Structure formats: C-alpha cells, structure tokens
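Asks: Sending over final12.txt (compact mmCIF, C-alpha atoms).
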# COMPACT_ATOMS: atom_id res chain seq x y z
CA MET A 63 69.68 87.02 108.45
CA ARG A 64 67.45 84.07 109.46
CA ASP A 65 64.08 84.31 107.74
CA GLY A 66 65.40 87.38 105.92
CA LYS A 67 65.61 89.37 109.18
CA LYS A 68 68.16 92.21 109.31
CA ILE A 69 70.99 91.75 111.81
CA SER A 70 72.12 94.68 113.98
CA PRO A 71 75.47 96.37 113.20
CA ALA A 72 76.82 95.49 116.68
CA VAL A 73 76.27 91.78 116.04
CA ILE A 74 77.80 92.02 112.56
CA LYS A 75 80.84 93.69 114.07
CA ARG A 76 81.35 90.74 116.42
CA LEU A 77 81.18 88.07 113.70
CA PRO A 78 84.86 88.29 112.71
CA MET A 79 85.71 87.96 116.41
CA TYR A 80 83.72 84.69 116.62
CA TYR A 81 85.53 83.53 113.52
CA ARG A 82 88.95 84.31 115.03
CA TYR A 83 88.28 82.75 118.43
CA LEU A 84 86.76 79.58 116.98
CA LYS A 85 89.62 79.20 114.52
CA ASP A 86 92.05 79.58 117.39
CA LEU A 87 90.22 76.88 119.40
CA ILE A 88 90.40 74.48 116.45
CA GLU A 89 94.12 75.15 116.11
CA LYS A 90 94.49 74.39 119.81
CA GLY A 91 92.64 71.09 119.33
CA ILE A 92 89.63 72.10 121.46
CA HIS A 93 86.47 70.41 120.13
CA ARG A 94 83.82 71.48 122.58
CA ILE A 95 83.25 74.65 124.61
CA SER A 96 80.56 76.01 126.92
CA SER A 97 78.97 79.34 126.03
CA LYS A 98 80.29 80.65 129.36
CA GLU A 99 83.90 79.82 128.53
CA LEU A 100 83.80 81.03 124.92
CA ALA A 101 82.14 84.28 126.04
CA GLU A 102 84.77 84.78 128.76
CA ARG A 103 87.59 84.36 126.28
CA MET A 104 85.98 86.92 124.01
CA GLY A 105 85.30 89.40 126.81
CA ILE A 106 81.51 89.44 126.38
CA THR A 107 78.71 87.95 128.52
CA ALA A 108 77.42 84.42 127.87
CA SER A 109 73.89 85.77 127.41
CA GLN A 110 75.13 88.31 124.83
CA MET A 111 76.88 85.50 122.98
CA ARG A 112 73.86 83.20 122.96
CA GLN A 113 71.70 86.08 121.66
CA ASP A 114 74.21 86.83 118.91
CA LEU A 115 74.37 83.23 117.75
CA ASN A 116 70.62 82.63 118.05
CA ASN A 117 70.16 85.34 115.40
CA PHE A 118 71.67 82.93 112.94
CA GLY A 119 70.00 79.81 114.29
CA CYS A 120 73.17 78.54 115.98
CA PHE A 121 72.07 77.00 119.25
CA GLY A 122 74.35 75.32 121.75
CA GLN A 123 73.19 72.16 123.53
CA GLN A 124 72.16 72.33 127.17
CA GLY A 125 74.84 70.65 129.27
CA TYR A 126 77.15 70.16 126.28
CA GLY A 127 77.84 73.65 124.97
CA TYR A 128 78.99 74.19 121.40
CA ASN A 129 80.78 71.81 119.07
CA VAL A 130 83.66 74.06 118.00
CA GLU A 131 84.03 72.73 114.44
CA VAL A 132 80.29 72.88 113.76
CA LEU A 133 79.97 76.43 115.10
CA TYR A 134 83.05 77.50 113.13
CA GLU A 135 81.56 76.10 109.92
CA GLU A 136 78.31 77.90 110.62
CA ILE A 137 80.09 81.23 111.13
CA VAL A 138 82.10 80.63 107.94
CA ASN A 139 78.85 80.05 106.01
CA ILE A 140 77.12 83.05 107.57
CA MET A 141 79.99 85.32 106.54
CA GLY A 142 80.09 83.93 103.02
CA LEU A 143 83.62 82.62 103.59
CA ASP A 144 82.69 79.16 102.34
CA ARG A 145 83.41 80.30 98.78
CA PRO A 146 86.40 82.12 97.28
CA HIS A 147 86.20 85.80 96.31
CA THR A 148 88.06 87.44 93.45
CA VAL A 149 89.57 90.80 94.35
CA ILE A 150 91.26 93.47 92.27
CA LEU A 151 93.32 96.33 93.64
CA ILE A 152 93.14 99.82 92.14
CA GLY A 153 96.02 101.97 93.37
CA ALA A 154 99.34 100.16 93.68
CA GLY A 155 101.05 102.68 95.96
CA LYS A 156 102.90 101.50 99.05
CA PHE A 157 99.72 100.85 100.96
CA GLY A 158 98.07 98.98 98.09
CA GLN A 159 101.17 96.84 97.71
CA VAL A 160 101.04 95.89 101.40
CA LEU A 161 97.45 94.67 100.86
CA VAL A 162 98.38 92.41 97.96
CA ASN A 163 101.29 90.97 99.94
CA TYR A 164 99.26 90.25 103.07
CA PRO A 165 98.95 86.46 103.55
CA ASN A 166 95.88 86.70 105.86
CA PHE A 167 93.48 87.51 103.03
CA LYS A 168 94.33 84.58 100.77
CA ASP A 169 93.90 82.23 103.76
CA LYS A 170 90.27 83.29 103.91
CA GLY A 171 89.67 82.81 100.20
CA PHE A 172 90.19 86.40 99.04
CA ASN A 173 92.33 86.17 95.92
CA PHE A 174 93.86 89.20 94.24
CA ILE A 175 93.60 88.54 90.51
CA ALA A 176 94.71 91.92 89.13
CA VAL A 177 96.31 95.20 90.15
CA PHE A 178 95.75 98.55 88.41
CA ASP A 179 97.49 101.91 88.58
CA LYS A 180 97.93 104.96 86.38
CA ASP A 181 101.57 105.60 87.28
CA PRO A 182 103.76 104.69 84.25
CA THR A 183 106.70 103.84 86.54
CA LEU A 184 104.56 101.14 88.21
CA ILE A 185 102.75 99.75 85.15
CA GLY A 186 104.39 96.52 83.99
CA THR A 187 106.13 95.86 87.32
CA GLU A 188 104.92 93.10 89.64
CA VAL A 189 103.41 92.95 93.14
CA ASN A 190 103.41 89.51 94.73
CA GLY A 191 103.64 87.95 91.27
CA ILE A 192 100.79 90.02 89.80
CA GLU A 193 101.57 92.45 86.98
CA ILE A 194 100.41 96.04 87.47
CA ILE A 195 98.09 96.97 84.59
CA ASP A 196 97.35 100.46 83.23
CA VAL A 197 94.04 101.56 84.77
CA LYS A 198 92.82 102.55 81.30
CA PHE A 199 92.28 98.82 80.71
CA LEU A 200 90.07 98.50 83.82
CA GLU A 201 86.75 98.40 81.95
CA VAL A 202 87.99 95.81 79.47
CA PHE A 203 89.12 93.68 82.39
CA LEU A 204 85.80 94.05 84.21
CA ARG A 205 83.90 92.99 81.09
CA GLU A 206 86.03 89.88 80.63
CA ASN A 207 86.40 88.74 84.27
CA THR A 208 84.23 88.14 87.30
CA VAL A 209 85.33 90.50 90.04
CA ASP A 210 83.63 90.23 93.43
CA ILE A 211 85.48 92.92 95.36
CA VAL A 212 87.43 96.04 94.40
CA ALA A 213 90.03 97.24 96.90
CA LEU A 214 90.24 100.98 96.30
CA ALA A 215 93.53 102.48 97.49
CA VAL A 216 93.58 105.72 95.50
CA PRO A 217 93.21 109.37 96.61
CA GLY A 218 89.66 110.52 97.31
CA SER A 219 89.26 112.59 94.15
CA ALA A 220 90.21 109.64 91.93
CA ALA A 221 88.00 107.30 93.97
CA ASN A 222 84.74 109.06 93.14
CA LYS A 223 85.52 109.00 89.41
CA LEU A 224 86.37 105.29 89.52
CA VAL A 225 83.16 104.51 91.35
CA LEU A 226 81.17 105.69 88.32
CA THR A 227 83.02 103.12 86.22
CA LEU A 228 82.63 100.35 88.80
CA ALA A 229 78.89 101.00 89.12
CA LYS A 230 78.46 100.18 85.42
CA HIS A 231 79.84 96.68 85.94
CA ASP A 232 78.71 93.89 88.21
CA ILE A 233 80.90 94.75 91.22
CA LYS A 234 79.32 93.57 94.47
CA GLY A 235 81.62 95.11 97.03
CA ILE A 236 84.15 97.90 97.46
CA TRP A 237 86.79 97.80 100.16
CA ASN A 238 87.44 101.52 100.40
CA PHE A 239 90.78 102.83 101.64
CA SER A 240 90.38 106.29 100.12
CA GLN A 241 89.55 109.05 102.59
CA ASN A 242 86.33 110.04 100.77
CA ASP A 243 82.83 108.88 101.47
CA LEU A 244 81.82 107.27 98.19
CA SER A 245 78.52 108.07 96.49
CA LEU A 246 77.32 104.67 95.38
CA PRO A 247 74.29 103.00 93.88
CA GLU A 248 72.47 100.73 96.34
CA ASN A 249 73.58 97.50 94.72
CA ILE A 250 77.20 97.95 95.77
CA ILE A 251 78.24 97.29 99.38
CA VAL A 252 81.09 99.41 100.75
CA GLU A 253 83.33 98.77 103.71
CA ASP A 254 85.44 101.80 104.60
CA VAL A 255 88.84 101.55 106.26
CA ARG A 256 89.96 104.99 107.38
CA LEU A 257 93.21 104.99 109.30
CA SER A 258 92.98 108.71 110.12
CA ASP A 259 89.49 108.21 111.55
CA SER A 260 90.66 105.41 113.80
CA LEU A 261 93.59 107.48 115.04
CA MET A 262 91.23 110.39 115.76
CA THR A 263 88.86 108.02 117.58
CA LEU A 264 91.77 106.85 119.74
CA SER A 265 92.60 110.49 120.48
CA TYR A 266 88.95 111.16 121.38
CA LYS A 267 88.81 108.21 123.78
CA MET A 268 92.08 109.21 125.45
CA HIS A 269 90.79 112.75 125.81
CA GLU A 270 87.35 111.62 127.07
CA LYS A 271 89.01 109.50 129.76
CA GLU A 272 91.05 112.49 130.87
CA VAL A 273 87.95 114.70 131.05
CA LEU A 274 85.97 112.02 132.90
CA SER A 275 88.69 111.46 135.49
CA ARG A 276 88.99 115.22 135.93
CA ALA A 277 85.21 115.40 136.49
CA VAL A 278 85.44 112.67 139.15
CA ARG A 279 88.36 114.51 140.84
CA ASP A 280 86.46 117.79 140.84
CA PHE A 281 83.46 116.06 142.36
CA TRP A 282 85.42 114.85 145.42
CA MET B 53 81.32 113.96 127.63
CA ARG B 54 79.44 117.05 128.88
CA ASP B 55 79.10 116.96 132.67
CA GLY B 56 81.13 113.74 132.64
CA LYS B 57 78.37 111.86 130.77
CA LYS B 58 79.43 108.87 128.65
CA ILE B 59 78.87 109.27 124.91
CA SER B 60 77.48 106.34 122.88
CA PRO B 61 79.84 104.44 120.54
CA ALA B 62 77.69 105.34 117.50
CA VAL B 63 78.17 109.06 118.19
CA ILE B 64 81.90 108.62 118.78
CA LYS B 65 82.16 106.82 115.46
CA ARG B 66 80.63 109.80 113.67
CA LEU B 67 82.99 112.39 115.19
CA PRO B 68 85.78 111.91 112.61
CA MET B 69 83.14 112.31 109.91
CA TYR B 70 82.09 115.71 111.36
CA TYR B 71 85.74 116.65 111.46
CA ARG B 72 86.26 115.71 107.80
CA TYR B 73 83.15 117.41 106.48
CA LEU B 74 83.73 120.63 108.43
CA LYS B 75 87.37 120.75 107.33
CA ASP B 76 86.22 120.31 103.75
CA LEU B 77 83.71 123.18 104.11
CA ILE B 78 86.44 125.47 105.48
CA GLU B 79 88.69 124.56 102.55
CA LYS B 80 85.82 125.42 100.21
CA GLY B 81 85.41 128.84 101.92
CA ILE B 82 81.95 128.06 103.35
CA HIS B 83 81.49 129.89 106.66
CA ARG B 84 77.93 129.07 107.62
CA ILE B 85 75.73 126.00 107.13
CA SER B 86 72.26 124.88 108.21
CA SER B 87 71.95 121.63 110.14
CA LYS B 88 69.79 120.36 107.28
CA GLU B 89 72.47 120.95 104.65
CA LEU B 90 75.37 119.61 106.72
CA ALA B 91 73.36 116.51 107.62
CA GLU B 92 72.43 115.93 103.97
CA ARG B 93 76.06 116.11 102.90
CA MET B 94 76.94 113.58 105.57
CA GLY B 95 74.08 111.24 104.71
CA ILE B 96 72.40 111.42 108.14
CA THR B 97 69.20 113.15 109.30
CA ALA B 98 69.27 116.74 110.61
CA SER B 99 67.68 115.60 113.88
CA GLN B 100 70.36 112.90 114.30
CA MET B 101 73.03 115.52 113.74
CA ARG B 102 71.56 117.99 116.21
CA GLN B 103 71.33 115.22 118.83
CA ASP B 104 74.96 114.21 118.22
CA LEU B 105 76.23 117.75 118.58
CA ASN B 106 74.01 118.62 121.56
CA ASN B 107 75.82 115.84 123.46
CA PHE B 108 78.84 118.07 123.44
CA GLY B 109 77.02 121.32 124.01
CA CYS B 110 77.39 122.45 120.38
CA PHE B 111 74.14 124.17 119.51
CA GLY B 112 73.35 125.79 116.18
CA GLN B 113 71.42 129.06 116.10
CA GLN B 114 67.78 129.08 115.03
CA GLY B 115 67.56 130.64 111.57
CA TYR B 116 71.34 130.90 111.21
CA GLY B 117 72.61 127.33 111.47
CA TYR B 118 76.18 126.61 112.41
CA ASN B 119 79.24 128.82 112.08
CA VAL B 120 81.56 126.35 110.30
CA GLU B 121 84.84 127.54 111.86
CA VAL B 122 83.40 127.60 115.38
CA LEU B 123 81.88 124.13 115.06
CA TYR B 124 85.11 122.79 113.56
CA GLU B 125 87.11 124.18 116.49
CA GLU B 126 84.66 122.62 118.92
CA ILE B 127 84.99 119.21 117.25
CA VAL B 128 88.78 119.57 117.27
CA ASN B 129 88.70 120.28 121.02
CA ILE B 130 86.27 117.44 121.73
CA MET B 131 88.55 114.97 119.95
CA GLY B 132 91.64 116.25 121.71
CA LEU B 133 93.13 117.33 118.37
CA ASP B 134 93.90 120.80 119.73
CA ARG B 135 97.20 119.50 121.08
CA PRO B 136 99.97 117.45 119.41
CA HIS B 137 100.45 113.75 120.23
CA THR B 138 103.76 111.91 120.25
CA VAL B 139 103.58 108.50 118.61
CA ILE B 140 106.09 105.64 118.40
CA LEU B 141 105.86 102.71 116.03
CA ILE B 142 106.79 99.20 117.10
CA GLY B 143 107.17 96.92 114.08
CA ALA B 144 108.80 98.53 111.05
CA GLY B 145 107.63 95.99 108.47
CA LYS B 146 106.09 97.15 105.21
CA PHE B 147 102.82 98.07 106.84
CA GLY B 148 104.48 99.94 109.71
CA GLN B 149 106.59 101.87 107.22
CA VAL B 150 103.48 102.96 105.33
CA LEU B 151 102.08 104.37 108.59
CA VAL B 152 105.17 106.46 109.29
CA ASN B 153 105.15 107.79 105.73
CA TYR B 154 101.47 108.73 105.73
CA PRO B 155 101.13 112.54 105.61
CA ASN B 156 97.54 112.59 106.97
CA PHE B 157 98.58 111.83 110.53
CA LYS B 158 101.12 114.62 110.93
CA ASP B 159 98.53 117.10 109.61
CA LYS B 160 96.39 116.27 112.62
CA GLY B 161 99.24 116.65 115.10
CA PHE B 162 100.25 113.00 115.41
CA ASN B 163 104.04 112.98 115.28
CA PHE B 164 106.08 109.81 115.00
CA ILE B 165 109.12 110.37 117.21
CA ALA B 166 110.67 106.89 117.12
CA VAL B 167 110.45 103.54 115.33
CA PHE B 168 111.41 100.18 116.85
CA ASP B 169 112.00 96.72 115.41
CA LYS B 170 113.89 93.58 116.33
CA ASP B 171 115.05 92.75 112.78
CA PRO B 172 118.83 93.41 112.53
CA THR B 173 118.52 94.17 108.80
CA LEU B 174 116.13 97.04 109.63
CA ILE B 175 117.83 98.44 112.74
CA GLY B 176 119.89 101.51 111.88
CA THR B 177 118.05 102.18 108.60
CA GLU B 178 115.61 105.09 108.27
CA VAL B 179 111.88 105.45 107.65
CA ASN B 180 110.75 108.94 106.69
CA GLY B 181 113.89 110.35 108.30
CA ILE B 182 113.46 108.40 111.56
CA GLU B 183 116.11 105.84 112.50
CA ILE B 184 114.85 102.36 113.34
CA ILE B 185 115.98 101.47 116.87
CA ASP B 186 116.52 98.00 118.35
CA VAL B 187 113.37 97.15 120.34
CA LYS B 188 115.59 96.12 123.28
CA PHE B 189 116.02 99.86 123.92
CA LEU B 190 112.25 100.43 124.11
CA GLU B 191 112.07 100.67 127.90
CA VAL B 192 114.97 103.08 128.11
CA PHE B 193 113.23 105.23 125.51
CA LEU B 194 109.91 105.13 127.35
CA ARG B 195 111.59 106.20 130.59
CA GLU B 196 113.30 109.16 128.94
CA ASN B 197 110.51 110.39 126.61
CA THR B 198 106.85 111.24 126.80
CA VAL B 199 104.97 108.91 124.48
CA ASP B 200 101.23 109.40 124.08
CA ILE B 201 100.43 106.67 121.58
CA VAL B 202 102.09 103.40 120.57
CA ALA B 203 101.29 102.13 117.07
CA LEU B 204 101.68 98.36 117.34
CA ALA B 205 102.35 96.70 113.99
CA VAL B 206 103.83 93.39 115.12
CA PRO B 207 102.48 89.83 114.94
CA GLY B 208 99.92 88.92 117.61
CA SER B 209 102.23 86.76 119.71
CA ALA B 210 104.79 89.57 120.00
CA ALA B 211 102.03 92.12 120.70
CA ASN B 212 100.89 90.54 123.95
CA LYS B 213 104.44 90.43 125.30
CA LEU B 214 105.04 94.07 124.39
CA VAL B 215 101.84 95.12 126.10
CA LEU B 216 103.25 93.96 129.44
CA THR B 217 106.17 96.33 128.93
CA LEU B 218 103.97 99.21 127.77
CA ALA B 219 101.66 98.82 130.76
CA LYS B 220 104.58 99.52 133.09
CA HIS B 221 105.10 102.94 131.52
CA ASP B 222 102.76 105.86 131.16
CA ILE B 223 101.34 104.97 127.74
CA LYS B 224 97.83 106.36 127.29
CA GLY B 225 96.83 104.77 124.02
CA ILE B 226 97.64 101.84 121.76
CA TRP B 227 96.79 101.87 118.06
CA ASN B 228 96.70 98.13 117.53
CA PHE B 229 97.36 96.66 114.09
CA SER B 230 98.20 93.18 115.35
CA GLN B 231 95.50 90.56 114.81
CA ASN B 232 95.26 89.73 118.54
CA ASP B 233 92.86 91.13 121.08
CA LEU B 234 95.18 92.68 123.64
CA SER B 235 94.79 92.02 127.35
CA LEU B 236 95.30 95.44 128.85
CA PRO B 237 95.05 97.25 132.15
CA GLU B 238 92.14 99.70 132.30
CA ASN B 239 94.31 102.80 132.14
CA ILE B 240 95.34 102.16 128.51
CA ILE B 241 92.91 102.88 125.68
CA VAL B 242 93.14 100.63 122.63
CA GLU B 243 91.89 101.25 119.11
CA ASP B 244 92.07 98.12 116.96
CA VAL B 245 92.50 98.23 113.20
CA ARG B 246 91.94 94.76 111.77
CA LEU B 247 92.08 94.62 107.99
CA SER B 248 91.02 90.96 107.88
CA ASP B 249 87.99 91.72 110.04
CA SER B 250 86.89 94.52 107.74
CA LEU B 251 87.28 92.30 104.67
CA MET B 252 85.23 89.57 106.38
CA THR B 253 82.58 92.15 107.31
CA LEU B 254 82.39 93.19 103.66
CA SER B 255 81.98 89.54 102.69
CA TYR B 256 79.22 89.14 105.31
CA LYS B 257 77.31 92.16 104.03
CA MET B 258 77.59 91.02 100.41
CA HIS B 259 76.39 87.57 101.42
CA GLU B 260 73.58 88.96 103.60
CA LYS B 261 72.31 91.06 100.69
CA GLU B 262 72.28 87.97 98.47
CA VAL B 263 70.35 85.95 101.06
CA LEU B 264 67.88 88.80 101.63
CA SER B 265 67.18 89.28 97.93
CA ARG B 266 66.75 85.51 97.55
CA ALA B 267 64.25 85.56 100.46
CA VAL B 268 62.29 88.35 98.74
CA ARG B 269 62.33 86.43 95.44
CA ASP B 270 61.14 83.22 97.13
CA PHE B 271 58.33 85.12 98.80
CA TRP B 272 56.86 86.35 95.48
Would it be possible to restate this file's structure as structure tokens?

Replies:
Amino acid sequence: MRDGKKISPAVIKRLPMYYRYLKDLIEKGIHRISSKELAERMGITASQMRQDLNNFGCFGQQGYGYNVEVLYEEIVNIMGLDRPHTVILIGAGKFGQVLVNYPNFKDKGFNFIAVFDKDPTLIGTEVNGIEIIDVKFLEVFLRENTVDIVALAVPGSAANKLVLTLAKHDIKGIWNFSQNDLSLPENIIVEDVRLSDSLMTLSYKMHEKEVLSRAVRDFW
Amino acid sequence: MRDGKKISPAVIKRLPMYYRYLKDLIEKGIHRISSKELAERMGITASQMRQDLNNFGCFGQQGYGYNVEVLYEEIVNIMGLDRPHTVILIGAGKFGQVLVNYPNFKDKGFNFIAVFDKDPTLIGTEVNGIEIIDVKFLEVFLRENTVDIVALAVPGSAANKLVLTLAKHDIKGIWNFSQNDLSLPENIIVEDVRLSDSLMTLSYKMHEKEVLSRAVRDFW
C-alpha cells in the first residue's frame, strides 16, 4: 500500500496473524522481539516476515529487532483498525445472532448498530440489546445513518436482491455469509465467508494427503 | 494431485467454486458448457480455468466443451466428496450448535455423529437430535468410533489441550473455529475458520482502497 502499490493477497492474508501475535505479545508484557523469534512463533521464515513488513514501511532495527507496541500500532493503522466501524446485520437467523453476540468484533471497533430481518416472529425482538427491524425499513435506515459494513447472513437468492439496494447507498464493505457469489459494483469490497467451502477444502486436503502417500507407497 | 504432484493453494481455493457452479448448472438442467462460458460465470479467464482443471487431468473437448455431469463427478472425486465423512463437534456453544444444524454439510456427506461439551447445563441436552456428551468421554468415543473430522468450536486455550488428545487418535482433519493457531503433528490436516480475521481483512481492503484512491487524487 506504500506509495499506492498493491499488496499481494498472500501478504494481506497474513496481516490478521501479525495483529494476533503482536497483541498476544503485548498482553504477555513483551516489549521487544527479534524478527527471528516473531517469525518462529508465527511459523514463517524471518526473511518472509521482513519482506511482508517492508511492504508497509515497517522496518526493524539491526541488533534490536522490533518494538512490539510500535509494530502493533502500525499493523492496526495499516488494517484501518485505528477507527471504529459501524456494522449492520441483515438476516437475524441463528447464525446472524451468533455474529451479533460475538465479543471479539466489538473489541476491534466493529459495532453492530442495527439488525434487520423479514421474519415477523423475529421483528421487534432483541439480539444483544439491539432490536430487530423489518427489512422493509432498510433503505430509510441507510439514508439516515452512516453504515460502513453490512454483514449479510441471508440465503443466496435474497442476497443478490439486497445487493442492488446496498449498491444505491454508500456502503463500503459487505461481509458475505450467503453461499452466493455476489455481483457487485466496483466501489463495494466483499469478503466472503463460506463454511461449506472451507469444509470441502479440508476434505480435499485430507484426500490429497491420502493420494500422495499412496503414490509414495506405490513408488517404493 | 495427478502423478502425486502438489497443487497450488490458489487452485485448491477455487475447487469449491467449481463444485458450486457445476452443481448449479446440473440443477438448471444444463448438460454441456464451453470453458469460455463456465469461466465467465465464475469470473475467471477461460485459460485460467483450463489450467486449473488440467492439473487434475480434466480436459474439455475441442468444439464441445465440458460435459457438466462428468466434470462435476470429477470435481467431487478430486475433493474426496464421493464418500461420506464422520464429524464430531467439540464445543456446543451457540456457534457450535449452528454448525450441527446447518443442512449444507449433510448434503455433501459430512455427518455429525457426536457432540461434546464440558458445560453441565448442556450435557444431556440435544442439538439437531444428537445428545451432547461430557467431553471427559471423548477418548473413549474416539477409541470406539471412526471419526474423520473434528469440528473444534472451543476457546483457544482449551483447543490446544484438546489437540494433544486428538493427536493420540486417528483423527485425519480438524476444522478449527478457535482463534488459536494449533500446534499439530504433521499427520493431521487443519482448516482454520477465523471470523475476526476475515472481518479485519475486509477492513484492510476497505482502508487500502481509500488510501489508493487518495494517492491517485494527490497525483492529479
């Protein structure tokens, strides 16, 4: 991102890991760490780690290593976690309700400010102190409030219809839990969480390992 | 995986997408598709798609394209979805309960056969018809049953202790929902699902876009 340069997906994927490990070090009262030791804890090479961090202009000091608090603050800034984000949930089924109740998001400045559903048995009830609103009032809400992120926990067919509505308003990001790939205008960023995909990936890796070890056996 | 060759993570990540799109085509009654059209639907290039599939020895026919059912079956076999998998859940909190209730996993042959927790108020109650068992009986269960996958939905500190137990038994895969990186022996495959990480990644991408567009503005 330095000088407007695009960062590779592999590096982006490791950023939350840096965040977690540095936070853990702070909680353990560790103020200074060598790139070698931090990399070892994270299970990557020291050179990989230095490359990752150099992308963002975070350089350790020769013979000193990294100041943990400083590096943590830099990672927080890089990830945009130095400011709070307003989040709304659409789809207050069991899964959606778990999201709103999860303490780990609020800790990082992600604040659920409203919850929407179309189910009349849910409308008017509360999740974690937030009233569930009829989704027909979604557009009114979006006009009157600043919403950074929409967590979308509705079935795929409903998701694509909602996206048309969201695209008309100034939504910056969608956290997509529906199984569909969303068709979105370029100005909205989407992060997909697909539990079925991750379970299938696990199955693939287990199967691949089996095939590979069979190949090795056959070879000998 | 052909000839025991390792497949790149990017290709592996796209496999569930092939699965989903091909399944959708079958449901729509489409029996034949050109690589160009399938790739377009999936938002990748036709050459990318052909490369991906060639890895596994799936070749389309010049002038005909792909037979949808045949390709779907091949993907199913590649991912190991041609056989059922037994799954147990450890951690029957709200999130764990959502997993057991999710119909999409059973469809793909992932069958929850037992649920464990240490909370006495949960033990003896049922989730989706499965009784919650005291986690102190976990090892007995693992000795007496074939378990392919353990879904781990417990806090990080508990997860690392459980892993020591799981490693002693013939568990092939862990679907890890705890926030910790697990320290595992090589013979167990882990697939991590970290909701906080994905939310932070979304925040990063939103922030990156902002910084990039500011850089472009400053340049002009």

Asks: Residues of chain A were defined as contacting chain B if any atom lay at most 6 Å from it, counting all atoms listed in the file; please report them as a PDB file with C-alpha atoms, in the coordinates of the input.

Replies:
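Here's the written file iface-v8.pdb:
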ATOM      1  CA  GLY A  66      65.400  87.380 105.920  1.00  0.00           C
ATOM      2  CA  PRO A  78      84.860  88.290 112.710  1.00  0.00           C
ATOM      3  CA  MET A 141      79.990  85.320 106.540  1.00  0.00           C
ATOM      4  CA  GLY A 142      80.090  83.930 103.020  1.00  0.00           C
ATOM      5  CA  GLU A 253      83.330  98.770 103.710  1.00  0.00           C
ATOM      6  CA  ASP A 259      89.490 108.210 111.550  1.00  0.00           C
ATOM      7  CA  LEU A 264      91.770 106.850 119.740  1.00  0.00           C
ATOM      8  CA  SER A 265      92.600 110.490 120.480  1.00  0.00           C
ATOM      9  CA  TYR A 266      88.950 111.160 121.380  1.00  0.00           C
ATOM     10  CA  HIS A 269      90.790 112.750 125.810  1.00  0.00           C
ATOM     11  CA  LEU A 274      85.970 112.020 132.900  1.00  0.00           C
ATOM     12  CA  ALA A 277      85.210 115.400 136.490  1.00  0.00           C
TER      13      ALA A 277
END

Asks: State, in Å with one decimal place, the distance from atom CA of Ile85 of chain B to atom CA of Arg102 of chain B.

Replies: 12.8 Å

Asks: Considering only C-alpha atoms, return as JSON, numbers by chain whatever protein or nucleic-acid residues lie within 10 Å of Pro237 of chain B, sequence-local ones (same chain, fewer than 5 positions apart) excluded.

Replies: {"B": [215, 216, 219, 220]}

Asks: Just want the 8 Å neighbourhood of Leu84 of chain A, counted on all atoms listed in the file, with same-chain residues fewer than 4 positions away dropped. Output as a PyMOL selection string.

Replies: chain A and resi 80+88+130-131+133-134

Asks: In Å to one decimal, how far is atom CA of Ala221 of chain A from atom CA of Arg93 of chain B?

Replies: 17.3 Å

Asks: Using all atoms listed in the file, which residues sit within 6 Å of Leu214 of chain A once same-chain residues fewer than 3 positions away are excluded, as a list in words?

Replies: Ile152, Asn238 and Phe239 of chain A

Asks: Figure out the distance between atom CA of Gly218 of chain A and atom CA of Val202 of chain A, please, to one decimal in Å.

Replies: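 Taking atom CA of Val202 of chain A and atom CA of Gly218 of chain A, their separation equals 23.2 Å.
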
Asks: How would you write as a VMD selection string the residues that get within 12 Å of (116.8, 93.1, 122.6) in the file's frame, counting all atoms listed in the file?

Replies: chain B and resid 168 to 172 175 185 to 192 214

Asks: Could you give me, as a ChimeraX atom specification, the residues within 6 Å of Val202 of chain B, counting only C-alpha atoms and dropping anything in the same chain fewer than 6 positions from it?

Replies: /B:139-141,226

Asks: Would you mind telling me which residue in B:Lys88, B:Ala210, B:Gly81, B:Leu236 lies nearest to Gly112 of chain B when using only C-alpha atoms?

Replies: B:Lys88

Asks: Could I get segment 145-150 of chain B from the block written out with all heavy atoms, as a PDB file, in the first residue's frame?

Replies:
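Saved the output as out01.pdb:
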ATOM      1  N   GLY B 145     -21.420 -24.556  22.173  1.00  0.00           N
ATOM      2  CA  GLY B 145     -21.948 -23.205  22.385  1.00  0.00           C
ATOM      3  C   GLY B 145     -22.848 -22.828  21.231  1.00  0.00           C
ATOM      4  O   GLY B 145     -23.135 -23.643  20.351  1.00  0.00           O
ATOM      5  N   LYS B 146     -23.279 -21.556  21.215  1.00  0.00           N
ATOM      6  CA  LYS B 146     -24.213 -21.124  20.169  1.00  0.00           C
ATOM      7  C   LYS B 146     -23.663 -21.357  18.774  1.00  0.00           C
ATOM      8  O   LYS B 146     -24.357 -21.814  17.877  1.00  0.00           O
ATOM      9  CB  LYS B 146     -24.531 -19.632  20.353  1.00  0.00           C
ATOM     10  CG  LYS B 146     -25.593 -19.391  21.394  1.00  0.00           C
ATOM     11  CD  LYS B 146     -25.911 -17.916  21.512  1.00  0.00           C
ATOM     12  CE  LYS B 146     -26.848 -17.673  22.680  1.00  0.00           C
ATOM     13  NZ  LYS B 146     -26.792 -16.292  23.166  1.00  0.00           N
ATOM     14  N   PHE B 147     -22.390 -21.050  18.599  1.00  0.00           N
ATOM     15  CA  PHE B 147     -21.802 -21.203  17.280  1.00  0.00           C
ATOM     16  C   PHE B 147     -21.736 -22.673  16.877  1.00  0.00           C
ATOM     17  O   PHE B 147     -22.126 -23.046  15.764  1.00  0.00           O
ATOM     18  CB  PHE B 147     -20.408 -20.575  17.230  1.00  0.00           C
ATOM     19  CG  PHE B 147     -19.846 -20.552  15.851  1.00  0.00           C
ATOM     20  CD1 PHE B 147     -20.306 -19.643  14.920  1.00  0.00           C
ATOM     21  CD2 PHE B 147     -18.888 -21.463  15.472  1.00  0.00           C
ATOM     22  CE1 PHE B 147     -19.819 -19.631  13.634  1.00  0.00           C
ATOM     23  CE2 PHE B 147     -18.381 -21.455  14.183  1.00  0.00           C
ATOM     24  CZ  PHE B 147     -18.846 -20.538  13.262  1.00  0.00           C
ATOM     25  N   GLY B 148     -21.259 -23.508  17.801  1.00  0.00           N
ATOM     26  CA  GLY B 148     -21.205 -24.950  17.537  1.00  0.00           C
ATOM     27  C   GLY B 148     -22.574 -25.501  17.172  1.00  0.00           C
ATOM     28  O   GLY B 148     -22.720 -26.305  16.251  1.00  0.00           O
ATOM     29  N   GLN B 149     -23.599 -25.045  17.879  1.00  0.00           N
ATOM     30  CA  GLN B 149     -24.960 -25.534  17.613  1.00  0.00           C
ATOM     31  C   GLN B 149     -25.415 -25.147  16.205  1.00  0.00           C
ATOM     32  O   GLN B 149     -26.110 -25.920  15.541  1.00  0.00           O
ATOM     33  CB  GLN B 149     -25.922 -24.991  18.675  1.00  0.00           C
ATOM     34  CG  GLN B 149     -25.538 -25.453  20.081  1.00  0.00           C
ATOM     35  CD  GLN B 149     -26.731 -25.644  21.009  1.00  0.00           C
ATOM     36  OE1 GLN B 149     -27.876 -25.630  20.577  1.00  0.00           O
ATOM     37  NE2 GLN B 149     -26.450 -25.835  22.278  1.00  0.00           N
ATOM     38  N   VAL B 150     -25.048 -23.954  15.772  1.00  0.00           N
ATOM     39  CA  VAL B 150     -25.388 -23.546  14.403  1.00  0.00           C
ATOM     40  C   VAL B 150     -24.766 -24.518  13.395  1.00  0.00           C
ATOM     41  O   VAL B 150     -25.412 -24.944  12.429  1.00  0.00           O
ATOM     42  CB  VAL B 150     -24.912 -22.096  14.123  1.00  0.00           C
ATOM     43  CG1 VAL B 150     -24.971 -21.773  12.637  1.00  0.00           C
ATOM     44  CG2 VAL B 150     -25.751 -21.091  14.902  1.00  0.00           C
TER      45      VAL B 150
END
